[in-house]
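Source file: query_21.pdb (PDB, C-alpha atoms and all ligand atoms)
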ATOM      1  CA  MET A   1     100.628  95.740 136.918
ATOM      2  CA  THR A   2      97.603  96.603 134.795
ATOM      3  CA  CYS A   3      97.731  99.699 132.617
ATOM      4  CA  ALA A   4      94.723 101.981 132.711
ATOM      5  CA  PHE A   5      93.657 103.685 129.499
ATOM      6  CA  GLU A   6      90.792 105.650 128.067
ATOM      7  CA  VAL A   7      88.850 104.728 124.967
ATOM      8  CA  GLU A   8      86.759 107.056 122.818
ATOM      9  CA  ALA A   9      84.719 105.792 119.870
ATOM     10  CA  LEU A  10      85.664 107.191 116.454
ATOM     11  CA  THR A  11      82.288 106.061 115.083
ATOM     12  CA  PRO A  12      79.444 104.277 116.906
ATOM     13  CA  GLY A  13      80.588 100.820 115.831
ATOM     14  CA  PHE A  14      84.056 101.099 114.414
ATOM     15  CA  GLY A  15      87.433 102.463 115.491
ATOM     16  CA  VAL A  16      88.593 103.878 118.819
ATOM     17  CA  LYS A  17      90.957 106.534 120.029
ATOM     18  CA  LEU A  18      93.185 105.291 122.824
ATOM     19  CA  THR A  19      94.574 107.808 125.312
ATOM     20  CA  GLY A  20      95.983 107.886 128.832
ATOM     21  CA  VAL A  21      98.500 105.134 128.190
ATOM     22  CA  ASP A  22     102.204 105.007 127.348
ATOM     23  CA  LEU A  23     102.488 102.195 124.799
ATOM     24  CA  GLU A  24     106.262 101.947 125.233
ATOM     25  CA  SER A  25     105.791 100.541 128.745
ATOM     26  CA  ALA A  26     102.238  99.195 128.428
ATOM     27  CA  ILE A  27     103.188  96.580 125.841
ATOM     28  CA  ARG A  28     105.331  94.886 128.521
ATOM     29  CA  ASP A  29     102.135  94.179 130.467
ATOM     30  CA  PRO A  30     100.398  90.944 129.360
ATOM     31  CA  ALA A  31      97.078  92.182 130.775
ATOM     32  CA  PHE A  32      97.261  95.323 128.644
ATOM     33  CA  LEU A  33      98.095  93.302 125.539
ATOM     34  CA  LYS A  34      95.071  91.103 126.211
ATOM     35  CA  ASP A  35      92.857  94.190 126.532
ATOM     36  CA  LEU A  36      94.368  95.688 123.403
ATOM     37  CA  ARG A  37      93.740  92.486 121.450
ATOM     38  CA  SER A  38      90.101  92.496 122.564
ATOM     39  CA  LEU A  39      89.783  96.135 121.564
ATOM     40  CA  VAL A  40      91.223  95.515 118.097
ATOM     41  CA  ASP A  41      89.063  92.412 117.656
ATOM     42  CA  SER A  42      85.876  94.305 118.433
ATOM     43  CA  ARG A  43      86.635  97.799 117.069
ATOM     44  CA  LEU A  44      89.121  96.865 114.306
ATOM     45  CA  VAL A  45      91.054 100.173 114.344
ATOM     46  CA  VAL A  46      92.887 101.635 117.354
ATOM     47  CA  TYR A  47      94.306 105.136 116.999
ATOM     48  CA  ALA A  48      96.763 106.160 119.712
ATOM     49  CA  PRO A  49      98.065 109.709 119.160
ATOM     50  CA  GLY A  50     101.163 111.230 120.713
ATOM     51  CA  GLN A  51     103.204 108.134 121.571
ATOM     52  CA  LYS A  52     106.960 107.977 122.178
ATOM     53  CA  LEU A  53     107.832 104.539 120.881
ATOM     54  CA  SER A  54     111.239 102.978 120.402
ATOM     55  CA  PRO A  55     111.757 100.879 117.275
ATOM     56  CA  ARG A  56     111.991  97.764 119.443
ATOM     57  CA  ALA A  57     108.674  98.499 121.159
ATOM     58  CA  LEU A  58     106.963  98.993 117.791
ATOM     59  CA  GLN A  59     108.289  95.647 116.588
ATOM     60  CA  ASP A  60     107.209  93.994 119.839
ATOM     61  CA  LEU A  61     103.731  95.498 119.488
ATOM     62  CA  ALA A  62     103.339  93.789 116.105
ATOM     63  CA  ALA A  63     104.864  90.559 117.380
ATOM     64  CA  SER A  64     102.264  90.417 120.159
ATOM     65  CA  PHE A  65      99.662  89.778 117.429
ATOM     66  CA  GLY A  66     101.537  87.103 115.485
ATOM     67  CA  PRO A  67     104.787  86.245 113.760
ATOM     68  CA  PRO A  68     106.275  89.430 112.275
ATOM     69  CA  ALA A  69     106.096  89.751 108.500
ATOM     70  CA  ASN A  70     108.699  91.330 106.231
ATOM     71  CA  ILE A  71     106.773  93.354 103.678
ATOM     72  CA  LYS A  72     109.557  95.552 102.351
ATOM     73  CA  TRP A  73     109.761  96.021  98.595
ATOM     74  CA  ALA A  74     111.847  93.271  97.028
ATOM     75  CA  GLY A  75     115.094  94.343  95.395
ATOM     76  CA  TYR A  76     114.797  98.004  96.445
ATOM     77  CA  ASP A  77     117.726  99.705  98.157
ATOM     78  CA  ALA A  78     116.431 101.942 100.945
ATOM     79  CA  HIS A  79     117.490 102.798 104.485
ATOM     80  CA  HIS A  80     114.551 101.570 106.632
ATOM     81  CA  VAL A  81     115.591 101.358 110.336
ATOM     82  CA  PRO A  82     119.052  99.861 110.865
ATOM     83  CA  GLY A  83     118.977  96.857 113.187
ATOM     84  CA  CYS A  84     115.175  96.551 113.027
ATOM     85  CA  GLU A  85     114.442  94.041 110.307
ATOM     86  CA  TRP A  86     110.671  94.073 110.872
ATOM     87  CA  ILE A  87     110.150  97.804 110.435
ATOM     88  CA  LYS A  88     109.411  98.887 106.883
ATOM     89  CA  VAL A  89     109.750 102.611 106.390
ATOM     90  CA  ILE A  90     107.145 104.017 104.022
ATOM     91  CA  SER A  91     108.277 107.316 102.576
ATOM     92  CA  ASN A  92     108.605 109.376  99.443
ATOM     93  CA  GLY A  93     111.675 111.172 100.817
ATOM     94  CA  LEU A  94     115.377 110.885 100.175
ATOM     95  CA  ALA A  95     117.981 110.796 102.926
ATOM     96  CA  PRO A  96     120.953 113.229 102.770
ATOM     97  CA  ASP A  97     122.993 110.528 101.006
ATOM     98  CA  GLY A  98     120.420 110.436  98.188
ATOM     99  CA  LYS A  99     119.094 106.988  99.096
ATOM    100  CA  PRO A 100     115.354 106.633  99.833
ATOM    101  CA  TYR A 101     114.347 106.667 103.495
ATOM    102  CA  GLY A 102     112.231 103.610 102.740
ATOM    103  CA  ASP A 103     109.772 102.154 100.262
ATOM    104  CA  GLY A 104     107.011 104.189  98.729
ATOM    105  CA  ASN A 105     106.016 107.418  97.101
ATOM    106  CA  ALA A 106     103.448 110.192  97.571
ATOM    107  CA  SER A 107     100.677 108.577  95.497
ATOM    108  CA  ALA A 108      97.102 108.272  96.655
ATOM    109  CA  GLN A 109      96.133 104.637  97.185
ATOM    110  CA  ILE A 110      92.915 102.748  96.524
ATOM    111  CA  TRP A 111      91.161 100.509  99.046
ATOM    112  CA  HIS A 112      93.175  97.364  99.652
ATOM    113  CA  THR A 113      94.234  94.717 102.121
ATOM    114  CA  ASP A 114      97.966  94.326 102.787
ATOM    115  CA  ALA A 115      99.738  91.090 101.892
ATOM    116  CA  THR A 116      96.929  88.652 101.100
ATOM    117  CA  TRP A 117      99.456  85.874 100.781
ATOM    118  CA  GLU A 118      98.928  82.176 101.456
ATOM    119  CA  VAL A 119      98.864  83.094 105.145
ATOM    120  CA  PRO A 120      97.778  86.733 105.057
ATOM    121  CA  VAL A 121      99.010  89.498 107.302
ATOM    122  CA  GLY A 122      96.484  89.756 110.136
ATOM    123  CA  HIS A 123      97.437  93.014 111.853
ATOM    124  CA  VAL A 124      99.310  96.141 110.830
ATOM    125  CA  ALA A 125     100.531  99.176 112.751
ATOM    126  CA  PHE A 126     101.814 102.538 111.534
ATOM    127  CA  TYR A 127     103.911 104.894 113.626
ATOM    128  CA  CYS A 128     104.134 108.313 112.005
ATOM    129  CA  ARG A 129     107.538 110.013 112.177
ATOM    130  CA  GLN A 130     107.075 112.951 109.819
ATOM    131  CA  THR A 131     104.230 114.289 107.734
ATOM    132  CA  PRO A 132     103.303 117.263 105.571
ATOM    133  CA  GLU A 133     100.814 119.717 107.056
ATOM    134  CA  PRO A 134      97.911 119.208 106.769
ATOM    135  CA  PRO A 135      98.600 115.490 107.092
ATOM    136  CA  PRO A 136      97.213 113.194 104.395
ATOM    137  CA  LYS A 137      94.544 110.925 105.854
ATOM    138  CA  THR A 138      94.693 107.151 106.069
ATOM    139  CA  TYR A 139      91.237 105.623 105.667
ATOM    140  CA  PHE A 140      89.822 102.381 107.010
ATOM    141  CA  LYS A 141      86.706 100.534 105.921
ATOM    142  CA  ASN A 142      84.900  97.963 108.035
ATOM    143  CA  MET A 143      84.357  94.961 105.762
ATOM    144  CA  ILE A 144      82.328  93.113 108.410
ATOM    145  CA  ALA A 145      79.817  95.970 108.281
ATOM    146  CA  VAL A 146      79.932  95.962 104.491
ATOM    147  CA  TYR A 147      79.098  92.261 104.426
ATOM    148  CA  GLU A 148      76.262  92.710 106.917
ATOM    149  CA  ALA A 149      74.715  95.406 104.735
ATOM    150  CA  LEU A 150      74.796  93.361 101.513
ATOM    151  CA  PRO A 151      71.443  92.248 100.106
ATOM    152  CA  GLU A 152      70.586  88.671 101.083
ATOM    153  CA  GLU A 153      70.546  87.663  97.420
ATOM    154  CA  THR A 154      74.145  88.836  97.056
ATOM    155  CA  LYS A 155      75.197  87.052 100.241
ATOM    156  CA  ASN A 156      73.754  83.812  98.896
ATOM    157  CA  ARG A 157      75.411  84.296  95.517
ATOM    158  CA  ILE A 158      78.921  84.772  96.935
ATOM    159  CA  ALA A 159      78.737  82.461  99.955
ATOM    160  CA  ARG A 160      80.972  79.723  98.611
ATOM    161  CA  LEU A 161      83.052  81.584  96.040
ATOM    162  CA  ARG A 162      86.769  82.136  96.166
ATOM    163  CA  ALA A 163      88.895  84.709  94.409
ATOM    164  CA  ILE A 164      92.531  84.355  93.467
ATOM    165  CA  HIS A 165      94.527  87.308  94.811
ATOM    166  CA  HIS A 166      97.210  87.544  92.157
ATOM    167  CA  LEU A 167     100.314  89.631  92.603
ATOM    168  CA  TYR A 168     100.221  92.822  90.541
ATOM    169  CA  PRO A 169     103.038  95.332  91.156
ATOM    170  CA  LYS A 170     101.896  98.605  92.752
ATOM    171  CA  GLN A 171      98.259  97.642  92.281
ATOM    172  CA  ILE A 172      97.246  99.901  95.173
ATOM    173  CA  GLU A 173      98.285 103.115  93.432
ATOM    174  CA  VAL A 174      95.376 104.983  91.862
ATOM    175  CA  LYS A 175      97.111 105.399  88.497
ATOM    176  CA  VAL A 176      98.054 101.707  88.276
ATOM    177  CA  HIS A 177      94.518 100.738  89.288
ATOM    178  CA  GLU A 178      93.030 102.918  86.571
ATOM    179  CA  GLU A 179      95.527 102.255  83.782
ATOM    180  CA  GLY A 180      97.435  99.053  84.575
ATOM    181  CA  PRO A 181      96.809  96.472  81.833
ATOM    182  CA  SER A 182      95.279  93.146  82.735
ATOM    183  CA  LEU A 183      97.544  90.111  82.731
ATOM    184  CA  PRO A 184      96.858  86.859  80.881
ATOM    185  CA  ARG A 185      94.514  84.547  82.784
ATOM    186  CA  GLU A 186      97.240  81.950  83.389
ATOM    187  CA  ARG A 187      99.287  84.636  85.136
ATOM    188  CA  ARG A 188      96.280  85.766  87.197
ATOM    189  CA  GLU A 189      95.725  82.177  88.353
ATOM    190  CA  LEU A 190      99.105  82.133  90.121
ATOM    191  CA  GLY A 191      98.018  83.975  93.284
ATOM    192  CA  PHE A 192      96.422  82.720  96.474
ATOM    193  CA  ALA A 193      92.785  81.670  96.548
ATOM    194  CA  HIS A 194      90.840  83.162  99.456
ATOM    195  CA  PRO A 195      87.132  82.908 100.226
ATOM    196  CA  LEU A 196      85.093  85.983  99.300
ATOM    197  CA  VAL A 197      83.359  85.526 102.637
ATOM    198  CA  ARG A 198      85.947  84.907 105.314
ATOM    199  CA  ARG A 199      85.353  84.042 108.979
ATOM    200  CA  HIS A 200      86.645  86.698 111.383
ATOM    201  CA  PHE A 201      88.081  84.912 114.379
ATOM    202  CA  GLY A 202      87.926  88.074 116.473
ATOM    203  CA  THR A 203      84.116  88.170 116.379
ATOM    204  CA  ASP A 204      83.087  84.990 114.491
ATOM    205  CA  LYS A 205      81.368  87.235 111.941
ATOM    206  CA  PRO A 206      81.684  87.102 108.132
ATOM    207  CA  ILE A 207      84.059  89.494 106.371
ATOM    208  CA  LEU A 208      83.646  90.516 102.744
ATOM    209  CA  TYR A 209      87.227  89.689 101.752
ATOM    210  CA  LEU A 210      87.869  91.213  98.339
ATOM    211  CA  PRO A 211      90.911  91.021  96.086
ATOM    212  CA  THR A 212      92.250  94.452  95.174
ATOM    213  CA  ARG A 213      92.325  93.813  91.435
ATOM    214  CA  ARG A 214      88.955  93.754  89.682
ATOM    215  CA  ASP A 215      90.447  91.363  87.087
ATOM    216  CA  SER A 216      91.056  88.690  89.725
ATOM    217  CA  VAL A 217      90.066  85.164  88.790
ATOM    218  CA  ILE A 218      87.032  83.594  90.462
ATOM    219  CA  PRO A 219      87.229  79.852  89.793
ATOM    220  CA  GLY A 220      84.112  78.671  87.983
ATOM    221  CA  MET A 221      83.426  82.072  86.415
ATOM    222  CA  SER A 222      84.468  83.635  83.131
ATOM    223  CA  ASP A 223      86.648  86.750  83.326
ATOM    224  CA  GLU A 224      83.630  88.865  82.365
ATOM    225  CA  GLN A 225      81.447  87.373  85.101
ATOM    226  CA  ALA A 226      84.183  87.741  87.734
ATOM    227  CA  HIS A 227      84.911  91.344  86.748
ATOM    228  CA  ALA A 228      81.221  92.253  86.918
ATOM    229  CA  LEU A 229      80.845  90.649  90.352
ATOM    230  CA  LEU A 230      83.974  92.268  91.808
ATOM    231  CA  ASP A 231      82.924  95.647  90.409
ATOM    232  CA  GLU A 232      79.489  95.196  91.963
ATOM    233  CA  LEU A 233      80.928  94.281  95.377
ATOM    234  CA  TRP A 234      83.538  97.058  95.422
ATOM    235  CA  SER A 235      80.936  99.602  94.280
ATOM    236  CA  PHE A 236      78.698  98.577  97.180
ATOM    237  CA  ALA A 237      81.627  98.879  99.585
ATOM    238  CA  GLN A 238      82.406 102.455  98.457
ATOM    239  CA  ARG A 239      79.616 103.813 100.663
ATOM    240  CA  ASP A 240      81.146 106.291 103.099
ATOM    241  CA  ASP A 241      79.268 105.057 106.153
ATOM    242  CA  PHE A 242      81.554 102.044 106.514
ATOM    243  CA  SER A 243      84.705 104.172 106.725
ATOM    244  CA  ILE A 244      86.794 106.415 108.930
ATOM    245  CA  GLY A 245      89.701 108.694 108.030
ATOM    246  CA  VAL A 246      92.584 109.345 110.400
ATOM    247  CA  PRO A 247      95.073 112.193 109.895
ATOM    248  CA  LEU A 248      98.373 110.820 111.187
ATOM    249  CA  ARG A 249     100.849 113.299 112.634
ATOM    250  CA  ALA A 250     104.329 112.677 114.058
ATOM    251  CA  ASP A 251     104.173 110.288 117.063
ATOM    252  CA  ASP A 252     100.695 108.974 116.203
ATOM    253  CA  VAL A 253     100.158 105.209 116.145
ATOM    254  CA  VAL A 254      97.366 103.404 114.357
ATOM    255  CA  LEU A 255      96.874  99.662 114.654
ATOM    256  CA  TRP A 256      94.298  97.768 112.638
ATOM    257  CA  ASP A 257      92.833  94.406 111.832
ATOM    258  CA  ASN A 258      94.007  93.790 108.274
ATOM    259  CA  ARG A 259      91.643  90.816 107.950
ATOM    260  CA  ALA A 260      88.454  92.775 108.513
ATOM    261  CA  CYS A 261      89.469  96.232 107.221
ATOM    262  CA  VAL A 262      90.598  97.550 103.906
ATOM    263  CA  HIS A 263      92.565 100.792 103.928
ATOM    264  CA  SER A 264      93.493 103.599 101.546
ATOM    265  CA  ARG A 265      95.166 106.986 101.764
ATOM    266  CA  ASP A 266      95.320 110.458 100.341
ATOM    267  CA  GLY A 267      98.296 111.428  98.252
ATOM    268  CA  TRP A 268     100.376 114.530  98.985
ATOM    269  CA  PRO A 269     102.741 116.876  97.100
ATOM    270  CA  GLU A 270     105.886 115.090  95.917
ATOM    271  CA  ASP A 271     108.118 117.827  97.292
ATOM    272  CA  GLN A 272     106.959 117.208 100.856
ATOM    273  CA  THR A 273     108.228 114.225 102.816
ATOM    274  CA  ARG A 274     106.174 111.815 104.863
ATOM    275  CA  ILE A 275     107.927 109.121 106.894
ATOM    276  CA  MET A 276     105.901 106.287 108.379
ATOM    277  CA  TRP A 277     107.165 103.213 110.225
ATOM    278  CA  HIS A 278     105.169 100.143 109.310
ATOM    279  CA  VAL A 279     105.048  96.787 111.086
ATOM    280  CA  ALA A 280     102.926  93.764 110.292
ATOM    281  CA  ALA A 281     102.126  90.382 111.811
ATOM    282  CA  PHE A 282     100.900  87.257 110.110
ATOM    283  CA  GLY A 283      97.433  86.103 111.080
ATOM    284  CA  GLU A 284      95.788  82.764 110.374
ATOM    285  CA  ALA A 285      95.114  81.181 106.995
ATOM    286  CA  SER A 286      91.818  82.432 105.598
ATOM    287  CA  THR A 287      88.852  80.274 106.590
ATOM    288  CA  PRO A 288      85.638  80.294 104.569
ATOM    289  CA  MET A 289      82.595  81.389 106.555
ATOM    290  CA  PHE A 290      80.476  78.929 104.591
ATOM    291  CA  PRO A 291      82.682  75.955 103.711
ATOM    292  CA  ARG A 292      81.590  73.369 101.223
ATOM    293  CA  GLN A 293      80.478  70.187 102.904
ATOM    294  CA  SER A 294      83.027  67.399 102.676
ATOM    295  CA  LEU A 295      81.931  63.848 102.037
ATOM    296  CA  ASN A 296      82.615  61.667 105.019
ATOM    297  CA  VAL A 297      84.417  58.511 103.911
ATOM    298  CA  ILE A 298      85.830  57.627 107.299
ATOM    299  CA  GLY A 299      85.687  53.876 107.812
ATOM    300  CA  LEU A 300      85.169  52.971 104.158
ATOM    301  CA  THR A 301      87.604  50.832 102.228
ATOM    302  CA  PRO A 302      89.740  52.706  99.684
ATOM    303  CA  GLU A 303      87.647  51.188  96.885
ATOM    304  CA  ALA A 304      84.362  52.244  98.462
ATOM    305  CA  ALA A 305      85.730  55.698  99.234
ATOM    306  CA  SER A 306      86.771  56.117  95.595
ATOM    307  CA  LYS A 307      83.245  55.334  94.450
ATOM    308  CA  VAL A 308      81.847  57.960  96.810
ATOM    309  CA  LEU A 309      84.327  60.615  95.740
ATOM    310  CA  LEU A 310      83.716  59.871  92.047
ATOM    311  CA  GLY A 311      79.982  60.151  92.570
ATOM    312  CA  GLU A 312      79.443  56.500  91.689
ATOM    313  CA  ASP A 313      77.774  55.526  94.966
ATOM    314  CA  ALA A 314      74.046  56.240  94.771
ATOM    315  CA  ALA A 315      73.793  56.285  98.583
ATOM    316  CA  TYR A 316      75.771  59.554  98.791
TER     317      TYR A 316
HETATM  318 FE    FE A 401      98.581  99.148 102.593
END
Translate this file's structure into structure tokens.
Amino acid sequence: MTCAFEVEALTPGFGVKLTGVDLESAIRDPAFLKDLRSLVDSRLVVYAPGQKLSPRALQDLAASFGPPANIKWAGYDAHHVPGCEWIKVISNGLAPDGKPYGDGNASAQIWHTDATWEVPVGHVAFYCRQTPEPPPKTYFKNMIAVYEALPEETKNRIARLRAIHHLYPKQIEVKVHEEGPSLPRERRELGFAHPLVRRHFGTDKPILYLPTRRDSVIPGMSDEQAHALLDELWSFAQRDDFSIGVPLRADDVVLWDNRACVHSRDGWPEDQTRIMWHVAAFGEASTPMFPRQSLNVIGLTPEAASKVLLGEDAAY
């Protein structure tokens, strides 16, 4: 069986709307999953409105992209979806028993990548269950396109840099972003170091892979230098022509490449409830697009290799 489907571009180079397919059954078809993977690799965001998905199918959709990731808030008592450990409910609402439906609130969020851990989350899907009207938009930005548009001088300057993505609670909320105090440098050095220019295995193109916090540490730079560079790169990325906004209504699915896209969202009135099911899959460890060259000491004695690595061998 091969599932037919129709694809409509959301912008000329980024994002597609997928129709004419029932994802609940299509995800059982390996040929469809292969096509879907290709579509996500090339277009980065797939929006599939009006789907009737069971919790199990949503989890299986994520698992088709990689090992499922648990990204629920630590230590927070919320309902989520009983029996479905990989679905995180994002909501600002309270269930009739007074317990939150899931993690979250109604705040607007800044551009960010989800879970840039040692092995980052590679793909994310939302399945909307309930939303205020008009629905707040979720926005996606193509960071491959952002990188391509950077001035050559900037590309050269950042080619081999890394940034440490430290863990800062609720850093994606606008208010925390604007007002959250910086942490001591030793605390900001505890995160995961990722290349600023990451290889995208879907297309083999470079991604501008930015930490959310502008106070992130860039090894080899002072805090002032790193802050100025991250501000410069994020300011460049703010241009609207790299972005799309999707209003998600009940039964809409959106699936995206969390390696190559950053996302954000509108906020909405606190007294209105949005309920979103969220699944995520780990990708690969981040790979620098322009790795430093390693010295080849294969075949040398340990003593000779030490001299090379210490820079004491004039031949290297
Ligand atoms: Fe997010």
Can you work out the spacing between CA of Ile244 (chain A) and CA of Val262 (chain A) in Å, to one decimal?
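CA of Ile244 (chain A) sits 10.9 Å away from CA of Val262 (chain A).
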Who sits within 8 Å of region 134-146 of chain A, only C-alpha atoms, same chain under 4 positions skipped, as a PDB file with C-alpha atoms, in the coordinates of the input:
ATOM      1  CA  PHE A  14      84.056 101.099 114.414  1.00  0.00           C
ATOM      2  CA  LEU A  44      89.121  96.865 114.306  1.00  0.00           C
ATOM      3  CA  VAL A  45      91.054 100.173 114.344  1.00  0.00           C
ATOM      4  CA  LEU A 150      74.796  93.361 101.513  1.00  0.00           C
ATOM      5  CA  LYS A 205      81.368  87.235 111.941  1.00  0.00           C
ATOM      6  CA  PRO A 206      81.684  87.102 108.132  1.00  0.00           C
ATOM      7  CA  ILE A 207      84.059  89.494 106.371  1.00  0.00           C
ATOM      8  CA  LEU A 208      83.646  90.516 102.744  1.00  0.00           C
ATOM      9  CA  TYR A 209      87.227  89.689 101.752  1.00  0.00           C
ATOM     10  CA  PHE A 236      78.698  98.577  97.180  1.00  0.00           C
ATOM     11  CA  ALA A 237      81.627  98.879  99.585  1.00  0.00           C
ATOM     12  CA  PHE A 242      81.554 102.044 106.514  1.00  0.00           C
ATOM     13  CA  SER A 243      84.705 104.172 106.725  1.00  0.00           C
ATOM     14  CA  ILE A 244      86.794 106.415 108.930  1.00  0.00           C
ATOM     15  CA  GLY A 245      89.701 108.694 108.030  1.00  0.00           C
ATOM     16  CA  VAL A 246      92.584 109.345 110.400  1.00  0.00           C
ATOM     17  CA  PRO A 247      95.073 112.193 109.895  1.00  0.00           C
ATOM     18  CA  LEU A 248      98.373 110.820 111.187  1.00  0.00           C
ATOM     19  CA  ARG A 249     100.849 113.299 112.634  1.00  0.00           C
ATOM     20  CA  ALA A 260      88.454  92.775 108.513  1.00  0.00           C
ATOM     21  CA  CYS A 261      89.469  96.232 107.221  1.00  0.00           C
ATOM     22  CA  VAL A 262      90.598  97.550 103.906  1.00  0.00           C
ATOM     23  CA  HIS A 263      92.565 100.792 103.928  1.00  0.00           C
ATOM     24  CA  SER A 264      93.493 103.599 101.546  1.00  0.00           C
ATOM     25  CA  ARG A 265      95.166 106.986 101.764  1.00  0.00           C
ATOM     26  CA  ASP A 266      95.320 110.458 100.341  1.00  0.00           C
ATOM     27  CA  GLY A 267      98.296 111.428  98.252  1.00  0.00           C
ATOM     28  CA  TRP A 268     100.376 114.530  98.985  1.00  0.00           C
TER      29      TRP A 268
END
Once the PyMOL selection byres (((chain A and resi 163) around 9) and not hetatm) has been evaluated on this model, what residues remain selected, and can you format them as a ChimeraX atom specification?
/A:161-162,164-165,192-196,210-211,216-219,226
So which residues touch Ala74 (chain A) within 12 Å, counting all atoms listed in the file, skipping near sequence neighbours fewer than 5 positions away, as a PyMOL selection string?
chain A and resi 88+102-103+169
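This file gives the following result for the PyMOL selection byres (((chain A and resi 188) around 9) and not hetatm): Ile164, His165, His166, Leu167, Tyr168, Ser182, Leu183, Pro184, Arg185, Glu186, Arg187, Glu189, Leu190, Gly191, Asp215, Ser216 and Val217 of chain A.
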State, in Å with one decimal place, the distance from CA of Cys3 (chain A) to CA of Val46 (chain A).
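Here the two named atoms are 16.1 Å from each other.
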Taking only C-alpha atoms and all ligand atoms into account, which of A:Val279, A:Ile27, A:Ala4, A:Val21 comes nearest ligand FE 401 (chain A)?
A:Val279
What does the distance between CA of Val176 (chain A) and atom FE of ligand FE 401 (chain A) come to in Å, to one decimal place?
14.6 Å
Evaluate the PyMOL selection byres (((chain A and resi 105) around 7) and not hetatm) on the structure here and hand back the selected residues as a ChimeraX atom specification.
/A:91-92,104,106-107
Same residues, C-alpha atoms, output as a PDB file, keeping the file's coordinate frame:
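After the write, again24.pdb holds the following:
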ATOM      1  CA  SER A  91     108.277 107.316 102.576  1.00  0.00           C
ATOM      2  CA  ASN A  92     108.605 109.376  99.443  1.00  0.00           C
ATOM      3  CA  GLY A 104     107.011 104.189  98.729  1.00  0.00           C
ATOM      4  CA  ALA A 106     103.448 110.192  97.571  1.00  0.00           C
ATOM      5  CA  SER A 107     100.677 108.577  95.497  1.00  0.00           C
TER       6      SER A 107
END
Expected axis-aligned box over every listed atom of region 244-249 of chain A, 8 Å added per side, centre plus edges in Å to one decimal, as lines of an AutoDock Vina configuration file:
center_x = 93.8
center_y = 109.9
center_z = 110.3
size_x = 30.1
size_y = 22.9
size_z = 20.6
Counting all atoms listed in the file, which residue out of A:Pro269, A:Pro67, A:Pro12, A:Gly83 sits closest to Thr131 (chain A)?
A:Pro269
In the coordinate frame of the file, compute which residues have an atom within 12 Å of (110.6, 92.7, 110.3) when using all atoms listed in the file, and state them as number ranges by chain.
A: 55-56, 58-63, 66-72, 80-89, 124, 277-282
Quick one: everything within 10 Å of Ala9 (chain A), counting all atoms listed in the file, minus sequence neighbours fewer than 5 positions away in the same chain. Send it as a PyMOL selection string.
chain A and resi 14-18+43+46
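Of the residues under consideration (A:Asp114, A:Glu153, A:Asp240, A:Asp231), A:Asp114 shows the shortest atom-to-atom contact distance to ligand FE 401 (chain A) when counting only C-alpha atoms and all ligand atoms.
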Identify which of the residues A:Trp111, A:Tyr76, A:Phe201, A:Tyr101 lies closest to Ile172 (chain A), counting only C-alpha atoms when measuring atom-to-atom distances.
A:Trp111
Taking only C-alpha atoms into account, which of A:Leu255, A:Leu233, A:Leu10, A:Cys128 comes nearest Leu36 (chain A)?
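Result for the nearest residue to Leu36 (chain A): A:Leu255.
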